[in-house]
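Scroll down for the structure; my scribbles are underneath it.
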Amino acid sequence: MSEKMIYPAIDIKDGKVVRLLQGDYNQQIDYAENPQVVAESFRQQGAKWIHIVDLDGAKSGLAYNFETIKQILQIEGLNIQVGGGIRNKSTIEKLIKAGAKRVIIGTRAIEDWQWFESLVHNPEFAGKIVLGLDAREGKLATSGWTEQTEISARDIAKKVSSWPIAAIVYTDIARDGMLIGPNYAQLEAIAEATAIPIIASGGISSLDDVKKLLALPIAGMIIGRAIYEGKVDLRRAIELAKNYDN
């Protein structure tokens, strides 16, 4: 397996860097006014990739914070994957044209599987689409996590195993932003169900969590609140991942 990647997260709402607890729009923590400054600081600490979510977009289905995201995409030396409210081909093309290396599709993939399948198999998007699987107790949620389904995340991961998808971002909603540790068992089950690289998201609260995740058969992890609140040193986490003996 290639080098495991640390993805510091920038969640944007109304142009500012925030975190939602368990995806609840009523439980918001504000961290910074300027997402571009935050992204630049992550780059200086050694980040190769940044994970950006347009929270307004996730809820509305519109590219609400596009101009703010576009400014981050102009930073030299960073690879950016963007998610949140990306529900059509034109928005994907717009983001890629602006410099996004990968685009994350969550809600529309689950609600319109035929559309998602044709999108992924379009040569124009080969290796540029990430499937976002956001789950509560293994069952998927959509529309900024406001709609709950009975669809199994593991079944979907298995179904796309041979598709030309760049990665699957698996988020455990109950743990997201809560600093209570990842759901290791669920992550391992997802990783074993598919050949697509898995990126873990939700609950990372310490460097011990980072070390435990590095031992799983996953491709990387997204860290948000723990970085902002000083519980995980980003530079150190990146070093651990870089030097991890696969």
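Starting from 1 in every chain, residues are counted up; chains themselves are A, B, ... following the order of the structure tokens, and ligands are numbered from 1 as listed.
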
Which residues come within 7 Å of range 91-100 of chain A, counting only C-alpha atoms, excluding same-chain residues fewer than 4 positions away, as a ChimeraX atom specification? /A:70,73,80-82,86

Output file for the residues above (N, CA and C atoms, as a PDB file, in the first residue's frame):
ATOM      1  N   LYS A  70     -12.659  28.440  -4.167  1.00  0.00           N
ATOM      2  CA  LYS A  70     -11.814  28.781  -5.322  1.00  0.00           C
ATOM      3  C   LYS A  70     -10.505  29.454  -4.879  1.00  0.00           C
ATOM      4  N   LEU A  73      -8.192  26.808  -3.676  1.00  0.00           N
ATOM      5  CA  LEU A  73      -7.693  26.015  -4.807  1.00  0.00           C
ATOM      6  C   LEU A  73      -6.520  26.690  -5.514  1.00  0.00           C
ATOM      7  N   ILE A  80      -6.492  19.344  -3.368  1.00  0.00           N
ATOM      8  CA  ILE A  80      -7.744  19.585  -2.645  1.00  0.00           C
ATOM      9  C   ILE A  80      -8.822  18.612  -3.107  1.00  0.00           C
ATOM     10  N   GLN A  81      -9.496  17.989  -2.123  1.00  0.00           N
ATOM     11  CA  GLN A  81     -10.720  17.256  -2.451  1.00  0.00           C
ATOM     12  C   GLN A  81     -11.881  18.012  -1.811  1.00  0.00           C
ATOM     13  N   VAL A  82     -12.944  18.182  -2.601  1.00  0.00           N
ATOM     14  CA  VAL A  82     -14.066  19.038  -2.189  1.00  0.00           C
ATOM     15  C   VAL A  82     -15.364  18.246  -2.172  1.00  0.00           C
ATOM     16  N   ILE A  86     -22.606  18.682  -3.959  1.00  0.00           N
ATOM     17  CA  ILE A  86     -22.239  18.510  -5.377  1.00  0.00           C
ATOM     18  C   ILE A  86     -23.202  17.491  -5.979  1.00  0.00           C
TER      19      ILE A  86
END

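Contact shell of Thr149 in chain A at 10 Å (only C-alpha atoms; same-chain neighbours under 4 positions omitted): Ile110, Ala135, Arg136, Lys139, Leu140, Ala141, Thr142 and Trp145 of chain A.
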
Find the nearest atom pair between each residue of range 103-182 of chain A and range 22-43 of chain A for residues within 7 Å, count only C-alpha atoms, give distances in Å to one decimal, sort rows by chain and ascending number, and present the table as a tab-separated table.
residue	atom	partner	partner_atom	distance
A:Trp145	CA	A:Gly23	CA	6.4
A:Ile173	CA	A:Gln22	CA	5.3
A:Ala174	CA	A:Gln22	CA	5.4
A:Arg175	CA	A:Gln22	CA	6.3
A:Asp176	CA	A:Gln22	CA	5.0
A:Gly177	CA	A:Gln22	CA	6.0
A:Met178	CA	A:Gln22	CA	6.9

Go through range 58-173 of chain A residue by residue and, counting only C-alpha atoms, keep those with an atom at most 12 Å from range 2-21 of chain A; for each kept residue give the shortest atom pair and its distance in Å to one decimal, ordered by chain and increasing number, as CSV.
residue,atom,partner,partner_atom,distance
A:Ala58,CA,A:Lys13,CA,10.0
A:Lys59,CA,A:Lys13,CA,10.5
A:Ser60,CA,A:Lys13,CA,11.7
A:Ala63,CA,A:Ile12,CA,11.4
A:Tyr64,CA,A:Asp14,CA,8.3
A:Asn65,CA,A:Gly15,CA,6.3
A:Phe66,CA,A:Gly15,CA,9.3
A:Glu67,CA,A:Gly15,CA,8.8
A:Thr68,CA,A:Gly15,CA,6.2
A:Ile69,CA,A:Ile12,CA,8.6
A:Lys70,CA,A:Gly15,CA,11.6
A:Gln71,CA,A:Gly15,CA,11.2
A:Ile72,CA,A:Ile10,CA,10.2
A:Leu78,CA,A:Tyr7,CA,10.9
A:Asn79,CA,A:Tyr7,CA,9.8
A:Ile80,CA,A:Tyr7,CA,9.2
A:Gln81,CA,A:Tyr7,CA,9.2
A:Val82,CA,A:Ile10,CA,9.6
A:Gly83,CA,A:Asp11,CA,9.5
A:Gly84,CA,A:Asp11,CA,9.3
A:Gly144,CA,A:Leu20,CA,10.7
A:Trp145,CA,A:Leu20,CA,11.1
A:Ala167,CA,A:Met5,CA,11.8
A:Val169,CA,A:Tyr7,CA,10.9
A:Asp172,CA,A:Leu21,CA,11.7
A:Ile173,CA,A:Leu21,CA,8.8

Generate the output file for the selected residues, N, CA and C atoms, as a compact mmCIF listing (two decimals), in the first residue's frame.
# COMPACT_ATOMS: atom_id res chain seq x y z
N ALA A 58 -23.95 21.25 1.35
CA ALA A 58 -24.42 19.91 1.73
C ALA A 58 -25.90 19.93 2.07
N LYS A 59 -26.31 21.00 2.68
CA LYS A 59 -27.71 21.11 3.11
C LYS A 59 -28.62 21.56 1.96
N SER A 60 -28.12 22.49 1.13
CA SER A 60 -28.97 23.11 0.11
C SER A 60 -28.87 22.45 -1.26
N ALA A 63 -23.71 25.03 -4.81
CA ALA A 63 -22.30 25.32 -4.53
C ALA A 63 -22.19 26.69 -3.85
N TYR A 64 -22.65 26.75 -2.63
CA TYR A 64 -22.85 28.01 -1.90
C TYR A 64 -21.54 28.76 -1.65
N ASN A 65 -20.49 28.04 -1.26
CA ASN A 65 -19.22 28.69 -0.89
C ASN A 65 -18.15 28.54 -1.99
N PHE A 66 -18.59 28.50 -3.24
CA PHE A 66 -17.64 28.26 -4.34
C PHE A 66 -16.52 29.29 -4.39
N GLU A 67 -16.83 30.56 -4.23
CA GLU A 67 -15.80 31.60 -4.35
C GLU A 67 -14.73 31.46 -3.26
N THR A 68 -15.17 31.11 -2.05
CA THR A 68 -14.23 30.89 -0.95
C THR A 68 -13.34 29.68 -1.25
N ILE A 69 -13.95 28.61 -1.74
CA ILE A 69 -13.20 27.39 -2.06
C ILE A 69 -12.23 27.65 -3.21
N LYS A 70 -12.66 28.44 -4.17
CA LYS A 70 -11.81 28.78 -5.32
C LYS A 70 -10.51 29.45 -4.88
N GLN A 71 -10.59 30.30 -3.85
CA GLN A 71 -9.38 30.97 -3.33
C GLN A 71 -8.40 29.94 -2.75
N ILE A 72 -8.92 28.93 -2.07
CA ILE A 72 -8.06 27.88 -1.50
C ILE A 72 -7.43 27.06 -2.62
N LEU A 78 -0.79 22.35 -2.96
CA LEU A 78 -1.82 21.61 -2.23
C LEU A 78 -2.73 20.86 -3.20
N ASN A 79 -3.08 19.64 -2.82
CA ASN A 79 -4.12 18.90 -3.53
C ASN A 79 -5.40 19.02 -2.71
N ILE A 80 -6.49 19.34 -3.37
CA ILE A 80 -7.74 19.59 -2.65
C ILE A 80 -8.82 18.61 -3.11
N GLN A 81 -9.50 17.99 -2.12
CA GLN A 81 -10.72 17.26 -2.45
C GLN A 81 -11.88 18.01 -1.81
N VAL A 82 -12.94 18.18 -2.60
CA VAL A 82 -14.07 19.04 -2.19
C VAL A 82 -15.36 18.25 -2.17
N GLY A 83 -16.16 18.46 -1.12
CA GLY A 83 -17.48 17.85 -1.03
C GLY A 83 -18.49 18.83 -0.47
N GLY A 84 -19.74 18.42 -0.50
CA GLY A 84 -20.80 19.25 0.07
C GLY A 84 -21.71 19.83 -0.99
N GLY A 144 -26.74 16.40 3.86
CA GLY A 144 -26.08 17.00 5.02
C GLY A 144 -26.44 16.26 6.30
N TRP A 145 -26.67 14.93 6.13
CA TRP A 145 -26.96 14.01 7.24
C TRP A 145 -28.33 14.22 7.85
N ALA A 167 -11.45 7.13 -4.27
CA ALA A 167 -11.47 6.72 -2.86
C ALA A 167 -12.91 6.73 -2.36
N VAL A 169 -14.72 8.06 1.13
CA VAL A 169 -14.61 8.71 2.45
C VAL A 169 -15.73 8.14 3.31
N ASP A 172 -18.27 8.29 10.18
CA ASP A 172 -19.16 7.81 11.23
C ASP A 172 -19.80 9.04 11.88
N ILE A 173 -21.05 9.29 11.57
CA ILE A 173 -21.72 10.53 11.98
C ILE A 173 -21.76 10.69 13.50

Atom pair CA of Gln114 in chain A + CA of Ile218 in chain A, distance 27.0 Å

Coordinates-based distance that separates CA of Ser205 in chain A from CA of Gly230 in chain A (Å, one decimal):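 CA of Gly230 in chain A sits 9.6 Å away from CA of Ser205 in chain A.
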
Excluding range 117-130 of chain A and any residue of its chain fewer than 4 positions from it, enumerate the residues within 8 Å of it, using only C-alpha atoms, and give them as a VMD selection string. chain A and resid 89 101 to 105 113 163 to 169

Residues within 6 Å of range 188-196 of chain A, only C-alpha atoms, excluding chain neighbours under 3 positions, as a PDB file with N, CA and C atoms, in the first residue's frame:
ATOM      1  N   ARG A 154     -21.577  -0.758   3.936  1.00  0.00           N
ATOM      2  CA  ARG A 154     -20.706  -1.874   3.538  1.00  0.00           C
ATOM      3  C   ARG A 154     -21.151  -2.462   2.194  1.00  0.00           C
ATOM      4  N   ALA A 157     -20.054  -0.106  -0.560  1.00  0.00           N
ATOM      5  CA  ALA A 157     -18.602  -0.192  -0.756  1.00  0.00           C
ATOM      6  C   ALA A 157     -18.244  -1.438  -1.565  1.00  0.00           C
ATOM      7  N   LYS A 158     -18.921  -2.519  -1.276  1.00  0.00           N
ATOM      8  CA  LYS A 158     -18.692  -3.783  -1.990  1.00  0.00           C
ATOM      9  C   LYS A 158     -19.125  -3.667  -3.450  1.00  0.00           C
ATOM     10  N   SER A 161     -16.615  -1.902  -5.788  1.00  0.00           N
ATOM     11  CA  SER A 161     -15.226  -2.356  -5.599  1.00  0.00           C
ATOM     12  C   SER A 161     -14.360  -2.306  -6.860  1.00  0.00           C
ATOM     13  N   ALA A 167     -11.450   7.126  -4.273  1.00  0.00           N
ATOM     14  CA  ALA A 167     -11.471   6.724  -2.861  1.00  0.00           C
ATOM     15  C   ALA A 167     -12.910   6.726  -2.363  1.00  0.00           C
ATOM     16  N   ALA A 185     -13.914  -0.899  14.206  1.00  0.00           N
ATOM     17  CA  ALA A 185     -14.518  -2.135  13.690  1.00  0.00           C
ATOM     18  C   ALA A 185     -15.268  -1.884  12.386  1.00  0.00           C
TER      19      ALA A 185
END

I need the strand (DSSP E) residues of range 35-241 of chain A per DSSP on the backbone, written as a PyMOL selection string. chain A and resi 49-54+79-83+102-105+129-136+139-142+147-152+167-172+198-201+220-223

Expected answer as a ChimeraX atom specification: alpha helix (DSSP H) residues in range 98-165 of chain A: /A:98,107-111,113-120,153-159

Output file for the residues above (C-alpha atoms, as a PDB file, in the first residue's frame):
ATOM      1  CA  ALA A  98     -10.946  25.692 -10.722  1.00  0.00           C
ATOM      2  CA  THR A 107     -26.213  12.386  -1.438  1.00  0.00           C
ATOM      3  CA  ARG A 108     -26.764  12.353  -5.228  1.00  0.00           C
ATOM      4  CA  ALA A 109     -24.877   9.045  -5.543  1.00  0.00           C
ATOM      5  CA  ILE A 110     -27.213   7.334  -3.099  1.00  0.00           C
ATOM      6  CA  GLU A 111     -30.393   8.977  -4.392  1.00  0.00           C
ATOM      7  CA  TRP A 113     -27.399   5.491  -8.483  1.00  0.00           C
ATOM      8  CA  GLN A 114     -27.711   5.268 -12.270  1.00  0.00           C
ATOM      9  CA  TRP A 115     -26.458   8.858 -12.626  1.00  0.00           C
ATOM     10  CA  PHE A 116     -23.539   8.164 -10.288  1.00  0.00           C
ATOM     11  CA  GLU A 117     -22.549   5.006 -12.139  1.00  0.00           C
ATOM     12  CA  SER A 118     -22.465   6.796 -15.503  1.00  0.00           C
ATOM     13  CA  LEU A 119     -20.510   9.670 -13.941  1.00  0.00           C
ATOM     14  CA  VAL A 120     -17.825   7.412 -12.462  1.00  0.00           C
ATOM     15  CA  ALA A 153     -22.564   1.443   3.742  1.00  0.00           C
ATOM     16  CA  ARG A 154     -20.706  -1.874   3.538  1.00  0.00           C
ATOM     17  CA  ASP A 155     -22.976  -3.144   0.753  1.00  0.00           C
ATOM     18  CA  ILE A 156     -22.378   0.012  -1.291  1.00  0.00           C
ATOM     19  CA  ALA A 157     -18.602  -0.192  -0.756  1.00  0.00           C
ATOM     20  CA  LYS A 158     -18.692  -3.783  -1.990  1.00  0.00           C
ATOM     21  CA  LYS A 159     -20.835  -2.881  -4.996  1.00  0.00           C
TER      22      LYS A 159
END
